[in-house]
Amino acid sequence: MDADSGRQATFSISTDDDAQQKNPSRFKVAKVEFVVDEAKDESDEDDANHHAYDTQGQKTFGRNTLETLPHMDHYRNLLSTTGVIRKRPTLLELHDIEVAEADDQLLKYGDGEPGNESLKAALAKEEAAQSAGGAGFKFGWIEGVLIRCVLNIFGVMLFLRLSWVVGQAGIGFASVVILLASLVTVLTSLSMSAICTNGLVKGGGAYYMISRSLGPEFGGAIGIVFSVANAVAVAMYVVGFAETIVDILKEHGRLMVDEINDIRIIGIITAIGLMCITFAGLSWEAKAQLVLLVILLVAIANFVIGTFIPPTAEKRAKGFVGYNMKTFRDNFLPDFREEHNFFSVFAIYFPAATGILAGANISGDLKDAQKAIPKGTLLSIFLTTVVYLAVAWMSGWSIVRDAYGPIASSLPLNDTTVNGSWILGLESSSLVMNYTSAATSIETIVRSHELNETTSDILCRPGECLYGLHNDMQVMQMVSGFAPLTIAGIVSATLSSALASLVSAPRVFQAVCKDRIFPGIHIFATGYGKAEEPRRAYALAFALALACICIGELNAIAPLISNFFLMSYALVNYSCFDASLAKSPGWRPAFKYYSMWLSLVGALLCVTVMFIINWWTALITIALVAALFFYVHYRKPDINWGSSTQAHVYKNALQNTHKLVNVNEHVKNFRPQVLVLTGAPMSRQPLVDFAVSITKNIGLLVCGDVILGNPMDKLLDLREISRKAYIWLSKHKTKAFYSGIMAQSLRTGVQSLLQSVGLGKLRPNTLLLGFKSDWHKASPEEVCDYFRIIHDAFDLSYGVGILRLKSGLHLSNLSPGTTEGFNGLKDVELNMPSDRANGEKSLEDNVIDDNKEDYDSDDEQADESKQLSNNYFTKGVQNKGFIDVWWLFDDGGLTLLIPYILTTKKQWKGCKLRVYMAGSKQSALDRDHRHMATLLSKFRIEYSSMAVLPDFAKQPSEESMMEFNKLIADWMLKPSEGETEETHPWKISEEELLLQKDRTYRHIKTRELLMQRSKDAKLIVMTLPMPRKGICSSGLYMAWIDTLTRDMPPILLLRGNQENVLTYYS
């Protein structure tokens, strides 16, 4: 950069086609041209005609590269961006040159196509629009936060109740009350400062901070409650203003109708005026607030000056004696009356300290909310606390608690002589001053008596006085130098608070509506003008405030509104504590002067103050927030804000997983943890549903998916396939994990799953797969893979279950309109669909878009599959019936435990167990029956019937034998054709068939018994035959399983890993 010439040097890259033609190469050669660009700033080096993340026209470390330097655009929330922005290249684009070349275009959000306008011009246009739209509406920390908070904290309490607080609590405890209230607000402000400096703060104030920290449940509840509280607070402040005006009218005899109706009329007119100011925009509202602040400060100064003016006789009679050490000593200690105590006085004062969120509520209209909110809020608390303390001390130092005041003017006077009395004090109660002239002024009478310079001269008995700190709420007006200015201060305090609330309520509510947490209110999210003014929300808040004004009596709900604000403060504090406790790396607030424990103390203090103010309104507030919380939690809005709740879920899961590693396993705590080979979960929903019925709420379920193909070619698809699977599982409310793996063969993939799925003790212990019903037509390699998968599972000490339905489990070839059974389904439950197994499907055909509308085809298929699977595995179908348990061999008890678990689930609760067992011999049937009945009783497993069958050793019928021989005919080894056991290990030799004759007969006989006894069962669970390594070929084993399961009701062949899963010990 030449500083003198103001020119900048940039590089431009173009492809040298001639050079490439002369020197053919697989690399593209770039020609670098040196270009001088006039009057360009270093930050504007982007060339618009290049890729959004292309570095043509800029340099990284002095080299032209696809990599980009860090930029703010890379970290923006893309969902909120409407213009063209810089885009960081993806890992795929950096890693794969072909993808990078194919994706060489600008990324534009919106419906339009990428325009010809340059990136720099688009960004400049967007920034110009923002600056033009927000120039008149963005506030700094003084006008946006400080002034608003000061005006909201200074209310009528300063002029009408603070003197009473001093009278009740004394100067000392009144200071404690003020400081304790300020402590609550300071702690809340520290927490709020930490939250709002932990990232960009948008519109919504307390709602935005709480929702982004604690999630939509707490945020939505507070958003509604806080909006309603502000809207009703508008009515309260307006009614307070109207009451002040009505008092003046009444004093001068100028009432329009009567007091109540005059309050309503003036309140409605005032509300309309405030509404007009808010509709005019925030700039006009800010100007009005500035005027009101000046009036308020003048009124406070008027009181301070008045305390230094020597009191007149009339003011002395009303209790104002000027600064007096005796008065200070008398007023320093508390004098609680009318059943008041420290806590009741604190409850009355505390609303004066609220209003600290006035600046945060317009966070979207601040130039720099991260700096403005902490600085303006904390300074406003400091300034207002100092003023409250100063006014309290001045009042207690110069005004006595009780005084009768001049009562002579209220007595009847005649034309000549009147006996009037002016009681000057308790210690001189017998003192009666007679005066004879009606024209004699009070001042003359006072001067004619030698008054002591002690406060006792104007004291009176409690309950008999009309003036003083205890009795006169207008004492500050009496003390001030010019009383009308105090009235103006009261008017300013009420109107400024009403105006701030009328601005806050709609903006917070608009933010809630924009997030679509609650249904049916999105209409109020619409903004108007460049500043997105929430005019519809303004109208709603105005209507609510108007309705409350017409009621007229708001004292009853005032504590409820205070509790609404306090609940917001409590959750702001808790948000900071919770975010700190979660220890998420994303919690990095720029504001460092906070402590998670102080935030917790602040939250507890807020809740405590809620109950101090009014216990039943505190309960109502908590109940309302809880109701809204559970409503949002039940709706589960599709929102992800990275809340601390999510961080806690991860943290707790991680900690508990570590703890679980050190927990010794015990048979009483055994849980079935199932790895189910579903492929894509949506393609075998009946298998998924059955597995869920076993593990729901008690065990781990992982859907295993082996994507066949070359991992080098298909590895890029895995992430999108996994995302699609999880979306389907979530949409169908299936509590399961998904684990996909790329492999060149099914067995290799399953081996990887068996070894790697799980974490610590959260690992599957049972493998569940569908029966390969096309085994007799499939290639020998596929059958061998299936057979060896069972071996692999047993080698790794897994229990194994094989599920078979008459119509199969695979739902990929559903025909439209299929509604009965599973007819027409491809009966291959384990093999991957061809479009996933051949490894040739493109990524676009396998993945889905984030837009939910794009799921329609998948959802239609899923809905149809769900309807079909309802025949077996969904609620409301198996209301009555039997689950038949054929516990033929002792496998540790898994064959008995799984059916029992099924009967505890809602969809199987109506089914009873029928248990069948093999007897040792005919003569010992009674003994075996008693033994098994005792065993089941000790296991505490209920059953409807139990039978010990001796028939397994009998020879099956000739018809069954012929059927079996026909089944294995194509799988018999044919030595005449040159086949040997070495070249065709999957086939059945005559020697093997003879060697396994007894087992074959037993399985065929078992089929006959199943047909006799369990044809009507809803589900059959039978011990899975054990495949012996080196003894049983894959063809013979598949024939056994096929024989046991063909044409049966839903049947599960199950075998444990020979370790106990049942015990009768306590």
# chains A, B, ... in the order shown; residues from 1 in each chain; ligands from 1
>>> residues_around(residues="Leu701 of chain A", least_positions_apart="2", cutoff="8 Å", atoms="only C-alpha atoms", output="list in words")
Gln673, Val674, Leu675, Val676, Ala691, Val692, Thr695, Gly699, Cys703, Lys735, Ala736, Phe737 and Pro764 of chain A
>>> closest_residue(among="A:Ala545, A:Leu700, A:Ser395, A:Ala579", to="Val304 of chain A", atoms="only C-alpha atoms")
A:Ser395
>>> residues_around(residues="Ala242 of chain A", least_positions_apart="5", cutoff="8 Å", atoms="only C-alpha atoms", output="CSV table (one decimal) with N, CA, C and O atoms, in the first residue's frame")
chain,number,residue,atom,x,y,z
A,262,ASP,N,-63.7,9.9,37.1
A,262,ASP,CA,-62.7,10.9,36.6
A,262,ASP,C,-61.4,10.2,36.4
A,262,ASP,O,-60.6,10.5,35.5
A,263,ILE,N,-61.0,9.3,37.3
A,263,ILE,CA,-59.8,8.5,37.2
A,263,ILE,C,-59.8,7.8,35.9
A,263,ILE,O,-58.8,7.7,35.1
A,264,ARG,N,-60.9,7.2,35.5
A,264,ARG,CA,-61.1,6.4,34.3
A,264,ARG,C,-60.9,7.3,33.1
A,264,ARG,O,-60.2,7.0,32.1
A,266,ILE,N,-59.6,10.4,32.8
A,266,ILE,CA,-58.2,10.9,32.7
A,266,ILE,C,-57.2,9.8,32.3
A,266,ILE,O,-56.3,10.0,31.4
A,267,GLY,N,-57.4,8.6,32.8
A,267,GLY,CA,-56.5,7.5,32.5
A,267,GLY,C,-56.6,7.1,31.0
A,267,GLY,O,-55.6,6.8,30.4
>>> closest_residue(among="A:Val165, A:Ile613, A:Thr494, A:Arg999", to="Leu560 of chain A", atoms="only C-alpha atoms")
A:Ile613
>>> select_by_dssp(residues="segment 359-410 of chain A", states="alpha helix (DSSP H)", output="PyMOL selection string")
chain A and resi 369-398
>>> residues_around(residues="Gln996 of chain A", least_positions_apart="5", cutoff="12 Å", atoms="only C-alpha atoms", output="list in words")
Ile988, Ser989, Glu990, Glu991, Tyr1001, Arg1002, His1003, Pro1027, Arg1028, Ile1031, Cys1032, Ser1033, Leu1036, Tyr1037 and Trp1040 of chain A
>>> closest_residue(among="A:Phe518, A:Phe964, A:Trp775, A:Phe346", to="Asp638 of chain A", atoms="only C-alpha atoms")
A:Phe518
>>> residues_around(residues="Phe794 of chain A", least_positions_apart="5", cutoff="9 Å", atoms="only C-alpha atoms", output="ChimeraX atom specification")
/A:789,799-800,1056-1057
>>> closest_residue(among="A:Ile557, A:Leu469, A:Ile490, A:Val386", to="Ile620 of chain A", atoms="only C-alpha atoms")
A:Ile557
>>> closest_residue(among="A:Val184, A:Lys530, A:Met236, A:Met209", to="Val607 of chain A", atoms="only C-alpha atoms")
A:Val184
>>> select_by_dssp(residues="segment 648-805 of chain A", states="strand (DSSP E or B)", output="PyMOL selection string")
chain A and resi 674-677+701-708+737-743+759+762+766-770+799-804
>>> write_last_selection(atoms="C-alpha atoms", output="short mmCIF file (atom, residue, chain, number, x, y, z; two decimals), in the first residue's frame")
data_model
loop_
_atom_site.label_atom_id
_atom_site.label_comp_id
_atom_site.auth_asym_id
_atom_site.auth_seq_id
_atom_site.Cartn_x
_atom_site.Cartn_y
_atom_site.Cartn_z
CA VAL A 674 -29.85 -54.35 21.89
CA LEU A 675 -27.96 -53.82 18.66
CA VAL A 676 -30.60 -54.35 15.99
CA LEU A 677 -29.50 -54.73 12.38
CA LEU A 701 -31.12 -49.62 21.60
CA VAL A 702 -28.81 -49.04 18.64
CA CYS A 703 -29.96 -49.37 15.04
CA GLY A 704 -27.04 -50.78 13.09
CA ASP A 705 -26.74 -49.97 9.40
CA VAL A 706 -24.14 -51.44 7.06
CA ILE A 707 -23.87 -49.43 3.85
CA LEU A 708 -22.28 -51.68 1.26
CA PHE A 737 -29.36 -44.48 18.55
CA TYR A 738 -28.17 -44.98 15.01
CA SER A 739 -24.79 -46.32 13.99
CA GLY A 740 -23.93 -46.54 10.32
CA ILE A 741 -20.78 -47.98 8.88
CA MET A 742 -19.34 -48.27 5.38
CA ALA A 743 -18.06 -51.73 4.45
CA LEU A 759 -19.30 -46.52 25.25
CA LEU A 762 -23.35 -48.55 27.64
CA THR A 766 -27.80 -58.67 22.51
CA LEU A 767 -27.81 -58.78 18.71
CA LEU A 768 -31.24 -58.70 17.05
CA LEU A 769 -31.62 -59.35 13.34
CA GLY A 770 -34.29 -60.31 10.90
CA GLY A 799 -26.99 -62.90 23.01
CA VAL A 800 -28.61 -63.42 19.60
CA GLY A 801 -32.22 -62.99 18.52
CA ILE A 802 -33.68 -63.67 15.07
CA LEU A 803 -37.14 -62.27 14.35
CA ARG A 804 -39.38 -63.55 11.57
#
>>> atom_distance(atom1="atom CA of Leu190 of chain A", atom2="atom CA of Leu146 of chain A")
15.3 Å
>>> atom_distance(atom1="atom CA of Phe154 of chain A", atom2="atom CA of Ile210 of chain A")
25.6 Å
>>> closest_residue(among="A:Ser683, A:Thr185, A:Thr90, A:Ser773", to="Leu598 of chain A", atoms="only C-alpha atoms")
A:Thr185
>>> decode(residues="segment 653-670 of chain A", atoms="N, CA and C atoms", output="PDB file, in the first residue's frame")
ATOM      1  N   ALA A 653     -24.589 -36.568  31.187  1.00  0.00           N
ATOM      2  CA  ALA A 653     -24.427 -37.851  30.508  1.00  0.00           C
ATOM      3  C   ALA A 653     -22.983 -38.322  30.570  1.00  0.00           C
ATOM      4  N   LEU A 654     -22.060 -37.397  30.362  1.00  0.00           N
ATOM      5  CA  LEU A 654     -20.642 -37.754  30.401  1.00  0.00           C
ATOM      6  C   LEU A 654     -20.223 -38.200  31.796  1.00  0.00           C
ATOM      7  N   GLN A 655     -20.641 -37.443  32.809  1.00  0.00           N
ATOM      8  CA  GLN A 655     -20.275 -37.797  34.180  1.00  0.00           C
ATOM      9  C   GLN A 655     -20.863 -39.148  34.582  1.00  0.00           C
ATOM     10  N   ASN A 656     -22.122 -39.375  34.231  1.00  0.00           N
ATOM     11  CA  ASN A 656     -22.764 -40.640  34.608  1.00  0.00           C
ATOM     12  C   ASN A 656     -22.178 -41.824  33.842  1.00  0.00           C
ATOM     13  N   THR A 657     -21.771 -41.578  32.616  1.00  0.00           N
ATOM     14  CA  THR A 657     -21.130 -42.647  31.855  1.00  0.00           C
ATOM     15  C   THR A 657     -19.804 -43.044  32.493  1.00  0.00           C
ATOM     16  N   HIS A 658     -19.059 -42.044  32.948  1.00  0.00           N
ATOM     17  CA  HIS A 658     -17.809 -42.341  33.649  1.00  0.00           C
ATOM     18  C   HIS A 658     -18.076 -43.094  34.955  1.00  0.00           C
ATOM     19  N   LYS A 659     -19.106 -42.681  35.683  1.00  0.00           N
ATOM     20  CA  LYS A 659     -19.441 -43.371  36.933  1.00  0.00           C
ATOM     21  C   LYS A 659     -19.847 -44.813  36.662  1.00  0.00           C
ATOM     22  N   LEU A 660     -20.563 -45.009  35.570  1.00  0.00           N
ATOM     23  CA  LEU A 660     -21.061 -46.346  35.253  1.00  0.00           C
ATOM     24  C   LEU A 660     -19.921 -47.319  34.977  1.00  0.00           C
ATOM     25  N   VAL A 661     -18.815 -46.792  34.466  1.00  0.00           N
ATOM     26  CA  VAL A 661     -17.673 -47.657  34.174  1.00  0.00           C
ATOM     27  C   VAL A 661     -17.161 -48.325  35.448  1.00  0.00           C
ATOM     28  N   ASN A 662     -17.241 -47.609  36.558  1.00  0.00           N
ATOM     29  CA  ASN A 662     -16.721 -48.123  37.827  1.00  0.00           C
ATOM     30  C   ASN A 662     -17.748 -48.908  38.636  1.00  0.00           C
ATOM     31  N   VAL A 663     -18.943 -49.068  38.081  1.00  0.00           N
ATOM     32  CA  VAL A 663     -19.993 -49.828  38.772  1.00  0.00           C
ATOM     33  C   VAL A 663     -19.878 -51.289  38.376  1.00  0.00           C
ATOM     34  N   ASN A 664     -19.726 -52.172  39.370  1.00  0.00           N
ATOM     35  CA  ASN A 664     -19.641 -53.601  39.085  1.00  0.00           C
ATOM     36  C   ASN A 664     -20.994 -54.133  38.643  1.00  0.00           C
ATOM     37  N   GLU A 665     -20.968 -54.959  37.622  1.00  0.00           N
ATOM     38  CA  GLU A 665     -22.209 -55.519  37.096  1.00  0.00           C
ATOM     39  C   GLU A 665     -22.769 -56.561  38.057  1.00  0.00           C
ATOM     40  N   HIS A 666     -24.094 -56.621  38.130  1.00  0.00           N
ATOM     41  CA  HIS A 666     -24.774 -57.605  38.970  1.00  0.00           C
ATOM     42  C   HIS A 666     -25.983 -58.110  38.194  1.00  0.00           C
ATOM     43  N   VAL A 667     -26.285 -59.363  38.371  1.00  0.00           N
ATOM     44  CA  VAL A 667     -27.365 -59.981  37.612  1.00  0.00           C
ATOM     45  C   VAL A 667     -28.698 -59.290  37.863  1.00  0.00           C
ATOM     46  N   LYS A 668     -28.900 -58.749  39.072  1.00  0.00           N
ATOM     47  CA  LYS A 668     -30.171 -58.077  39.359  1.00  0.00           C
ATOM     48  C   LYS A 668     -30.350 -56.807  38.525  1.00  0.00           C
ATOM     49  N   ASN A 669     -29.251 -56.236  38.089  1.00  0.00           N
ATOM     50  CA  ASN A 669     -29.317 -55.006  37.310  1.00  0.00           C
ATOM     51  C   ASN A 669     -29.134 -55.242  35.818  1.00  0.00           C
ATOM     52  N   PHE A 670     -29.254 -56.486  35.411  1.00  0.00           N
ATOM     53  CA  PHE A 670     -29.110 -56.759  33.977  1.00  0.00           C
ATOM     54  C   PHE A 670     -30.234 -56.090  33.191  1.00  0.00           C
TER      55      PHE A 670
END
